[in-house]
Structure formats: C-alpha cells, structure tokens
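Shown next: structure36.pdb, given as PDB, N, CA and C atoms, pLDDT in the B column.
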```
ATOM      1  N   ASN A1149       0.805  -1.204   0.000  1.00 82.00           N
ATOM      2  CA  ASN A1149       0.000   0.000   0.000  1.00 82.00           C
ATOM      3  C   ASN A1149       0.848   1.268   0.000  1.00 82.00           C
ATOM      4  N   TRP A1150       2.038   1.195   0.510  1.00 89.00           N
ATOM      5  CA  TRP A1150       2.876   2.378   0.602  1.00 89.00           C
ATOM      6  C   TRP A1150       3.542   2.741  -0.728  1.00 89.00           C
ATOM      7  N   LEU A1151       3.649   1.797  -1.702  1.00 91.00           N
ATOM      8  CA  LEU A1151       4.270   2.056  -3.006  1.00 91.00           C
ATOM      9  C   LEU A1151       3.193   2.412  -4.024  1.00 91.00           C
ATOM     10  N   SER A1152       3.218   3.645  -4.551  1.00 91.00           N
ATOM     11  CA  SER A1152       2.260   4.062  -5.573  1.00 91.00           C
ATOM     12  C   SER A1152       2.646   3.515  -6.943  1.00 91.00           C
ATOM     13  N   TYR A1153       3.901   3.738  -7.358  1.00 92.00           N
ATOM     14  CA  TYR A1153       4.383   3.133  -8.598  1.00 92.00           C
ATOM     15  C   TYR A1153       5.902   3.147  -8.617  1.00 92.00           C
ATOM     16  N   GLY A1154       6.448   2.321  -9.484  1.00 95.00           N
ATOM     17  CA  GLY A1154       7.889   2.246  -9.673  1.00 95.00           C
ATOM     18  C   GLY A1154       8.196   2.002 -11.138  1.00 95.00           C
ATOM     19  N   LYS A1155       9.256   2.627 -11.629  1.00 96.00           N
ATOM     20  CA  LYS A1155       9.611   2.493 -13.031  1.00 96.00           C
ATOM     21  C   LYS A1155      11.129   2.437 -13.145  1.00 96.00           C
ATOM     22  N   ALA A1156      11.633   1.507 -13.964  1.00 97.00           N
ATOM     23  CA  ALA A1156      13.066   1.402 -14.236  1.00 97.00           C
ATOM     24  C   ALA A1156      13.273   1.593 -15.729  1.00 97.00           C
ATOM     25  N   ARG A1157      14.380   2.248 -16.098  1.00 96.00           N
ATOM     26  CA  ARG A1157      14.652   2.479 -17.517  1.00 96.00           C
ATOM     27  C   ARG A1157      16.139   2.266 -17.804  1.00 96.00           C
ATOM     28  N   ILE A1158      16.407   1.782 -19.009  1.00 98.00           N
ATOM     29  CA  ILE A1158      17.768   1.556 -19.483  1.00 98.00           C
ATOM     30  C   ILE A1158      17.839   2.066 -20.916  1.00 98.00           C
ATOM     31  N   ASN A1159      18.940   2.763 -21.265  1.00 97.00           N
ATOM     32  CA  ASN A1159      19.096   3.319 -22.597  1.00 97.00           C
ATOM     33  C   ASN A1159      20.527   3.091 -23.082  1.00 97.00           C
ATOM     34  N   TYR A1160      20.657   2.748 -24.369  1.00 97.00           N
ATOM     35  CA  TYR A1160      21.960   2.585 -25.006  1.00 97.00           C
ATOM     36  C   TYR A1160      21.915   3.316 -26.341  1.00 97.00           C
ATOM     37  N   ALA A1161      22.947   4.078 -26.666  1.00 97.00           N
ATOM     38  CA  ALA A1161      23.005   4.807 -27.929  1.00 97.00           C
ATOM     39  C   ALA A1161      24.401   4.697 -28.523  1.00 97.00           C
ATOM     40  N   GLU A1162      24.453   4.647 -29.856  1.00 96.00           N
ATOM     41  CA  GLU A1162      25.712   4.612 -30.582  1.00 96.00           C
ATOM     42  C   GLU A1162      25.573   5.546 -31.781  1.00 96.00           C
ATOM     43  N   VAL A1163      26.482   6.518 -31.884  1.00 94.00           N
ATOM     44  CA  VAL A1163      26.410   7.536 -32.929  1.00 94.00           C
ATOM     45  C   VAL A1163      27.732   7.557 -33.676  1.00 94.00           C
ATOM     46  N   GLY A1164      27.663   7.684 -34.986  1.00 92.00           N
ATOM     47  CA  GLY A1164      28.862   7.753 -35.805  1.00 92.00           C
ATOM     48  C   GLY A1164      28.941   9.052 -36.582  1.00 92.00           C
ATOM     49  N   GLN A1165      30.180   9.462 -36.918  1.00 89.00           N
ATOM     50  CA  GLN A1165      30.388  10.671 -37.698  1.00 89.00           C
ATOM     51  C   GLN A1165      31.575  10.438 -38.613  1.00 89.00           C
ATOM     52  N   GLY A1166      31.406  10.770 -39.876  1.00 84.00           N
ATOM     53  CA  GLY A1166      32.477  10.590 -40.846  1.00 84.00           C
ATOM     54  C   GLY A1166      33.487  11.717 -40.804  1.00 84.00           C
ATOM     55  N   ALA A1167      34.539  11.556 -41.585  1.00 81.00           N
ATOM     56  CA  ALA A1167      35.593  12.566 -41.653  1.00 81.00           C
ATOM     57  C   ALA A1167      35.142  13.739 -42.525  1.00 81.00           C
ATOM     58  N   PRO A1168      35.675  14.932 -42.278  1.00 79.00           N
ATOM     59  CA  PRO A1168      35.350  16.080 -43.135  1.00 79.00           C
ATOM     60  C   PRO A1168      35.807  15.852 -44.573  1.00 79.00           C
ATOM     61  N   ILE A1169      35.250  16.603 -45.497  1.00 78.00           N
ATOM     62  CA  ILE A1169      35.581  16.465 -46.917  1.00 78.00           C
ATOM     63  C   ILE A1169      37.063  16.755 -47.134  1.00 78.00           C
ATOM     64  N   GLN A1170      37.698  15.986 -47.989  1.00 75.00           N
ATOM     65  CA  GLN A1170      39.104  16.102 -48.381  1.00 75.00           C
ATOM     66  C   GLN A1170      40.074  15.975 -47.209  1.00 75.00           C
ATOM     67  N   SER A1171      39.706  15.214 -46.186  1.00 77.00           N
ATOM     68  CA  SER A1171      40.635  15.003 -45.075  1.00 77.00           C
ATOM     69  C   SER A1171      41.237  13.601 -45.091  1.00 77.00           C
ATOM     70  N   VAL A1172      40.908  12.809 -46.106  1.00 79.00           N
ATOM     71  CA  VAL A1172      41.440  11.458 -46.200  1.00 79.00           C
ATOM     72  C   VAL A1172      42.571  11.381 -47.227  1.00 79.00           C
ATOM     73  N   TYR A1173      42.383  12.000 -48.394  1.00 80.00           N
ATOM     74  CA  TYR A1173      43.382  11.934 -49.462  1.00 80.00           C
ATOM     75  C   TYR A1173      44.009  13.309 -49.675  1.00 80.00           C
ATOM     76  N   ASN A1174      45.259  13.323 -50.112  1.00 79.00           N
ATOM     77  CA  ASN A1174      45.944  14.575 -50.432  1.00 79.00           C
ATOM     78  C   ASN A1174      45.405  15.098 -51.762  1.00 79.00           C
ATOM     79  N   VAL A1175      45.077  16.374 -51.811  1.00 80.00           N
ATOM     80  CA  VAL A1175      44.518  16.989 -53.020  1.00 80.00           C
ATOM     81  C   VAL A1175      45.289  18.263 -53.348  1.00 80.00           C
ATOM     82  N   TYR A1176      45.196  18.672 -54.608  1.00 81.00           N
ATOM     83  CA  TYR A1176      45.812  19.916 -55.043  1.00 81.00           C
ATOM     84  C   TYR A1176      44.881  21.080 -54.731  1.00 81.00           C
ATOM     85  N   ASP A1177      45.490  22.230 -54.479  1.00 78.00           N
ATOM     86  CA  ASP A1177      44.749  23.463 -54.219  1.00 78.00           C
ATOM     87  C   ASP A1177      45.043  24.430 -55.356  1.00 78.00           C
ATOM     88  N   LYS A1178      44.043  25.229 -55.749  1.00 78.00           N
ATOM     89  CA  LYS A1178      44.245  26.204 -56.820  1.00 78.00           C
ATOM     90  C   LYS A1178      44.005  27.609 -56.265  1.00 78.00           C
ATOM     91  N   PRO A1179      45.035  28.210 -55.692  1.00 76.00           N
ATOM     92  CA  PRO A1179      44.880  29.588 -55.222  1.00 76.00           C
ATOM     93  C   PRO A1179      44.859  30.555 -56.405  1.00 76.00           C
ATOM     94  N   THR A1180      44.744  31.835 -56.127  1.00 75.00           N
ATOM     95  CA  THR A1180      44.724  32.848 -57.175  1.00 75.00           C
ATOM     96  C   THR A1180      46.068  32.864 -57.899  1.00 75.00           C
ATOM     97  N   GLY A1181      46.004  32.766 -59.213  1.00 73.00           N
ATOM     98  CA  GLY A1181      47.230  32.725 -60.016  1.00 73.00           C
ATOM     99  C   GLY A1181      47.777  34.117 -60.302  1.00 73.00           C
ATOM    100  N   PHE A1182      48.852  34.151 -61.091  1.00 77.00           N
ATOM    101  CA  PHE A1182      49.475  35.408 -61.491  1.00 77.00           C
ATOM    102  C   PHE A1182      48.996  35.756 -62.896  1.00 77.00           C
ATOM    103  N   GLY A1183      48.043  36.656 -63.006  1.00 78.00           N
ATOM    104  CA  GLY A1183      47.512  37.041 -64.314  1.00 78.00           C
ATOM    105  C   GLY A1183      46.799  35.880 -64.966  1.00 78.00           C
ATOM    106  N   SER A1184      47.288  35.457 -66.144  1.00 78.00           N
ATOM    107  CA  SER A1184      46.658  34.336 -66.852  1.00 78.00           C
ATOM    108  C   SER A1184      47.367  33.018 -66.580  1.00 78.00           C
ATOM    109  N   ILE A1185      48.367  33.022 -65.708  1.00 80.00           N
ATOM    110  CA  ILE A1185      49.126  31.803 -65.394  1.00 80.00           C
ATOM    111  C   ILE A1185      48.458  31.112 -64.195  1.00 80.00           C
ATOM    112  N   PRO A1186      47.961  29.887 -64.391  1.00 78.00           N
ATOM    113  CA  PRO A1186      47.341  29.174 -63.256  1.00 78.00           C
ATOM    114  C   PRO A1186      48.412  28.702 -62.272  1.00 78.00           C
ATOM    115  N   LEU A1187      48.015  28.557 -61.043  1.00 83.00           N
ATOM    116  CA  LEU A1187      48.931  28.150 -59.986  1.00 83.00           C
ATOM    117  C   LEU A1187      48.279  27.017 -59.200  1.00 83.00           C
ATOM    118  N   PHE A1188      49.010  25.917 -59.033  1.00 84.00           N
ATOM    119  CA  PHE A1188      48.522  24.788 -58.259  1.00 84.00           C
ATOM    120  C   PHE A1188      49.534  24.472 -57.168  1.00 84.00           C
ATOM    121  N   SER A1189      49.051  24.017 -56.019  1.00 82.00           N
ATOM    122  CA  SER A1189      49.960  23.671 -54.932  1.00 82.00           C
ATOM    123  C   SER A1189      49.376  22.519 -54.125  1.00 82.00           C
ATOM    124  N   VAL A1190      50.262  21.876 -53.366  1.00 79.00           N
ATOM    125  CA  VAL A1190      49.855  20.807 -52.458  1.00 79.00           C
ATOM    126  C   VAL A1190      49.830  21.398 -51.048  1.00 79.00           C
ATOM    127  N   ALA A1191      48.849  21.016 -50.254  1.00 76.00           N
ATOM    128  CA  ALA A1191      48.728  21.545 -48.891  1.00 76.00           C
ATOM    129  C   ALA A1191      49.953  21.182 -48.055  1.00 76.00           C
ATOM    130  N   GLY A1192      50.263  22.023 -47.063  1.00 78.00           N
ATOM    131  CA  GLY A1192      51.431  21.803 -46.212  1.00 78.00           C
ATOM    132  C   GLY A1192      51.242  20.679 -45.208  1.00 78.00           C
ATOM    133  N   THR A1193      50.014  20.277 -44.946  1.00 78.00           N
ATOM    134  CA  THR A1193      49.756  19.169 -44.024  1.00 78.00           C
ATOM    135  C   THR A1193      49.354  17.935 -44.811  1.00 78.00           C
ATOM    136  N   ARG A1194      49.756  16.781 -44.336  1.00 79.00           N
ATOM    137  CA  ARG A1194      49.433  15.521 -45.001  1.00 79.00           C
ATOM    138  C   ARG A1194      48.159  14.943 -44.396  1.00 79.00           C
ATOM    139  N   ASN A1195      47.311  14.405 -45.231  1.00 82.00           N
ATOM    140  CA  ASN A1195      46.066  13.774 -44.767  1.00 82.00           C
ATOM    141  C   ASN A1195      46.297  12.301 -44.488  1.00 82.00           C
ATOM    142  N   ASN A1196      45.424  11.698 -43.699  1.00 81.00           N
ATOM    143  CA  ASN A1196      45.573  10.319 -43.247  1.00 81.00           C
ATOM    144  C   ASN A1196      44.619   9.419 -44.030  1.00 81.00           C
ATOM    145  N   ALA A1197      45.156   8.555 -44.873  1.00 79.00           N
ATOM    146  CA  ALA A1197      44.332   7.636 -45.660  1.00 79.00           C
ATOM    147  C   ALA A1197      43.739   6.525 -44.798  1.00 79.00           C
ATOM    148  N   ASP A1198      44.292   6.282 -43.604  1.00 82.00           N
ATOM    149  CA  ASP A1198      43.801   5.234 -42.711  1.00 82.00           C
ATOM    150  C   ASP A1198      42.825   5.771 -41.669  1.00 82.00           C
ATOM    151  N   LEU A1199      42.282   6.954 -41.886  1.00 81.00           N
ATOM    152  CA  LEU A1199      41.365   7.579 -40.941  1.00 81.00           C
ATOM    153  C   LEU A1199      40.069   6.776 -40.844  1.00 81.00           C
ATOM    154  N   LYS A1200      39.620   6.487 -39.638  1.00 83.00           N
ATOM    155  CA  LYS A1200      38.397   5.712 -39.397  1.00 83.00           C
ATOM    156  C   LYS A1200      37.283   6.651 -38.926  1.00 83.00           C
ATOM    157  N   PRO A1201      36.012   6.277 -39.152  1.00 84.00           N
ATOM    158  CA  PRO A1201      34.908   7.108 -38.670  1.00 84.00           C
ATOM    159  C   PRO A1201      34.876   7.154 -37.138  1.00 84.00           C
ATOM    160  N   GLU A1202      34.405   8.269 -36.627  1.00 89.00           N
ATOM    161  CA  GLU A1202      34.272   8.437 -35.178  1.00 89.00           C
ATOM    162  C   GLU A1202      33.034   7.693 -34.690  1.00 89.00           C
ATOM    163  N   ARG A1203      33.156   7.009 -33.571  1.00 92.00           N
ATOM    164  CA  ARG A1203      32.015   6.310 -32.958  1.00 92.00           C
ATOM    165  C   ARG A1203      31.939   6.689 -31.494  1.00 92.00           C
ATOM    166  N   THR A1204      30.759   7.125 -31.075  1.00 94.00           N
ATOM    167  CA  THR A1204      30.526   7.473 -29.680  1.00 94.00           C
ATOM    168  C   THR A1204      29.456   6.546 -29.127  1.00 94.00           C
ATOM    169  N   LYS A1205      29.745   5.892 -28.018  1.00 96.00           N
ATOM    170  CA  LYS A1205      28.802   4.977 -27.383  1.00 96.00           C
ATOM    171  C   LYS A1205      28.459   5.504 -25.997  1.00 96.00           C
ATOM    172  N   SER A1206      27.199   5.401 -25.615  1.00 97.00           N
ATOM    173  CA  SER A1206      26.800   5.827 -24.272  1.00 97.00           C
ATOM    174  C   SER A1206      25.668   4.938 -23.766  1.00 97.00           C
ATOM    175  N   ALA A1207      25.611   4.791 -22.451  1.00 97.00           N
ATOM    176  CA  ALA A1207      24.568   3.995 -21.810  1.00 97.00           C
ATOM    177  C   ALA A1207      24.153   4.693 -20.526  1.00 97.00           C
ATOM    178  N   GLU A1208      22.897   4.542 -20.168  1.00 97.00           N
ATOM    179  CA  GLU A1208      22.412   5.115 -18.916  1.00 97.00           C
ATOM    180  C   GLU A1208      21.284   4.254 -18.371  1.00 97.00           C
ATOM    181  N   ALA A1209      21.080   4.358 -17.091  1.00 98.00           N
ATOM    182  CA  ALA A1209      20.012   3.625 -16.414  1.00 98.00           C
ATOM    183  C   ALA A1209      19.413   4.533 -15.358  1.00 98.00           C
ATOM    184  N   GLY A1210      18.150   4.328 -15.053  1.00 97.00           N
ATOM    185  CA  GLY A1210      17.498   5.158 -14.048  1.00 97.00           C
ATOM    186  C   GLY A1210      16.311   4.450 -13.435  1.00 97.00           C
ATOM    187  N   VAL A1211      15.842   5.027 -12.337  1.00 97.00           N
ATOM    188  CA  VAL A1211      14.682   4.480 -11.643  1.00 97.00           C
ATOM    189  C   VAL A1211      13.836   5.649 -11.133  1.00 97.00           C
ATOM    190  N   GLU A1212      12.526   5.493 -11.197  1.00 95.00           N
ATOM    191  CA  GLU A1212      11.593   6.492 -10.691  1.00 95.00           C
ATOM    192  C   GLU A1212      10.593   5.782  -9.774  1.00 95.00           C
ATOM    193  N   MET A1213      10.436   6.314  -8.578  1.00 95.00           N
ATOM    194  CA  MET A1213       9.554   5.681  -7.592  1.00 95.00           C
ATOM    195  C   MET A1213       8.684   6.750  -6.932  1.00 95.00           C
ATOM    196  N   ALA A1214       7.488   6.350  -6.548  1.00 94.00           N
ATOM    197  CA  ALA A1214       6.580   7.232  -5.802  1.00 94.00           C
ATOM    198  C   ALA A1214       5.953   6.429  -4.663  1.00 94.00           C
ATOM    199  N   PHE A1215       5.787   7.101  -3.531  1.00 94.00           N
ATOM    200  CA  PHE A1215       5.278   6.441  -2.328  1.00 94.00           C
ATOM    201  C   PHE A1215       4.119   7.243  -1.731  1.00 94.00           C
ATOM    202  N   PHE A1216       3.336   6.574  -0.922  1.00 92.00           N
ATOM    203  CA  PHE A1216       2.264   7.195  -0.137  1.00 92.00           C
ATOM    204  C   PHE A1216       1.318   8.042  -1.009  1.00 92.00           C
ATOM    205  N   ARG A1217       0.713   7.368  -1.991  1.00 87.00           N
ATOM    206  CA  ARG A1217      -0.235   8.005  -2.929  1.00 87.00           C
ATOM    207  C   ARG A1217       0.396   9.172  -3.679  1.00 87.00           C
ATOM    208  N   SER A1218       1.619   8.966  -4.152  1.00 88.00           N
ATOM    209  CA  SER A1218       2.385   9.931  -4.933  1.00 88.00           C
ATOM    210  C   SER A1218       2.696  11.241  -4.199  1.00 88.00           C
ATOM    211  N   ARG A1219       2.763  11.206  -2.909  1.00 90.00           N
ATOM    212  CA  ARG A1219       3.121  12.397  -2.137  1.00 90.00           C
ATOM    213  C   ARG A1219       4.626  12.512  -1.935  1.00 90.00           C
ATOM    214  N   LEU A1220       5.304  11.403  -2.008  1.00 92.00           N
ATOM    215  CA  LEU A1220       6.755  11.376  -1.841  1.00 92.00           C
ATOM    216  C   LEU A1220       7.339  10.542  -2.975  1.00 92.00           C
ATOM    217  N   GLY A1221       8.357  11.064  -3.651  1.00 93.00           N
ATOM    218  CA  GLY A1221       8.939  10.322  -4.755  1.00 93.00           C
ATOM    219  C   GLY A1221      10.329  10.788  -5.072  1.00 93.00           C
ATOM    220  N   PHE A1222      10.987  10.033  -5.944  1.00 94.00           N
ATOM    221  CA  PHE A1222      12.314  10.405  -6.415  1.00 94.00           C
ATOM    222  C   PHE A1222      12.529   9.860  -7.822  1.00 94.00           C
ATOM    223  N   ASP A1223      13.478  10.462  -8.506  1.00 94.00           N
ATOM    224  CA  ASP A1223      13.868  10.082  -9.862  1.00 94.00           C
ATOM    225  C   ASP A1223      15.387  10.133  -9.916  1.00 94.00           C
ATOM    226  N   ALA A1224      16.015   8.991 -10.129  1.00 94.00           N
ATOM    227  CA  ALA A1224      17.486   8.944 -10.163  1.00 94.00           C
ATOM    228  C   ALA A1224      17.949   8.142 -11.359  1.00 94.00           C
TER     229      ALA A1224
END
```

Could you spell out this file's structure in structure tokens?
Amino acid sequence: NWLSYGKARINYAEVGQGAPIQSVYNVYDKPTGFGSIPLFSVAGTRNNADLKPERTKSAEAGVEMAFFRSRLGFDA
C-alpha cells in the first residue's frame, strides 16, 4: 500500500560521424594565379588515408519511484 508506482529504464546509444571532406586523401589546391598563369599547390599538411569514422557509445540507467499516494517520490 505504501508504493504508488515504480519504473526502471535503461538506454543505449551509438552515434557515428564521418571525416570532413578532403581530409582522407591529399589533393591539389588552386589559389589565385598570377595574371593568366594558373597556380597549383599541395597543402602543407598531409592527410591520413587510414582515418576511421568516429564512434561514440553511451549507456544510462534510471529508476523512478513514488510512495504514499504519490506524495513522496524520487527520480534517479
């Protein structure tokens, strides 16, 4: 009679994110040229061809209880 209700919950989530554009392979850049002469260059930093996607995993659990006709309760 003293327990009005009880609830337990469990949650699991997994989220992935890929690499930004042109961060896997080395590419040429075309800055502003000199007059009609085109100019091409390679970036000063090297990109990583073995780059893997980012994965984030999370889990949580909780319980909600109420007592004495819902006059006293907690949520944790």

Task: Contacts of Phe1188 of chain A within 6 Å, all atoms listed in the file, excl. fewer than 4 positions in-chain, as an MDAnalysis selection string - done: chainID A and resid 1177:1179

TODO: Provide the atom CA of Thr1204 of chain A to atom N of Val1163 of chain A distance in Å, to one decimal place.
DONE: 4.7 Å

At most 7 Å is the cut-off: for each residue in segment 1184-1221 of chain A with any atom that close to an atom of segment 1168-1171 of chain A, write down the nearest atom pair and the distance in Å rounded to one decimal, counting all atoms listed in the file, chain first then increasing number, as a tab-separated table.
```
residue	atom	partner	partner_atom	distance
A:Asn1195	CA	A:Ser1171	C	4.8
A:Asn1196	N	A:Ser1171	C	4.8
A:Ala1197	N	A:Ser1171	C	6.4
```

Atoms to include: N, CA and C atoms. Write the selected residues as a PDB file, in the frame of the given file.
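The resulting file, out39.pdb, is reproduced below:
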```pdb
ATOM      1  N   ASN A1195      47.311  14.405 -45.231  1.00 82.00           N
ATOM      2  CA  ASN A1195      46.066  13.774 -44.767  1.00 82.00           C
ATOM      3  C   ASN A1195      46.297  12.301 -44.488  1.00 82.00           C
ATOM      4  N   ASN A1196      45.424  11.698 -43.699  1.00 81.00           N
ATOM      5  CA  ASN A1196      45.573  10.319 -43.247  1.00 81.00           C
ATOM      6  C   ASN A1196      44.619   9.419 -44.030  1.00 81.00           C
ATOM      7  N   ALA A1197      45.156   8.555 -44.873  1.00 79.00           N
ATOM      8  CA  ALA A1197      44.332   7.636 -45.660  1.00 79.00           C
ATOM      9  C   ALA A1197      43.739   6.525 -44.798  1.00 79.00           C
TER      10      ALA A1197
END
```

Task: the PyMOL selection byres (((chain A and resi 1217-1220 and name CA) around 8) and name CA) resolved against shown file, as a ChimeraX atom specification - done: /A:1150-1153,1214-1216,1221-1222

Task: Selection under test: the PyMOL selection byres (((chain A and resi 1211 and name CA) around 6) and name CA); residues as a list of chain:residue names - done: A:Lys1155, A:Ala1156, A:Gly1210, A:Glu1212, A:Asp1223, A:Ala1224

Open item on the list: Could you list, as a ChimeraX atom specification, every residue within 8 Å of Ile1158 of chain A, counting only C-alpha atoms and ignoring same-chain residues fewer than 3 positions away?
Closed with: /A:1207-1210

Task: Separation of atom CA of Gly1164 of chain A from atom C of Val1190 of chain A in Å - done: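 One can read the atom C of Val1190 of chain A to atom CA of Gly1164 of chain A distance as 29.3 Å.
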
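Reported to one decimal place, the separation of atom CA of Asn1174 of chain A from atom CA of Thr1193 of chain A is 8.8 Å.
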
TODO: Report the residues of chain A whose backbone DSSP state falls under strand (DSSP E), written as a PyMOL selection string.
DONE: chain A and resi 1151-1165+1176-1177+1189-1190+1202-1215+1220-1223
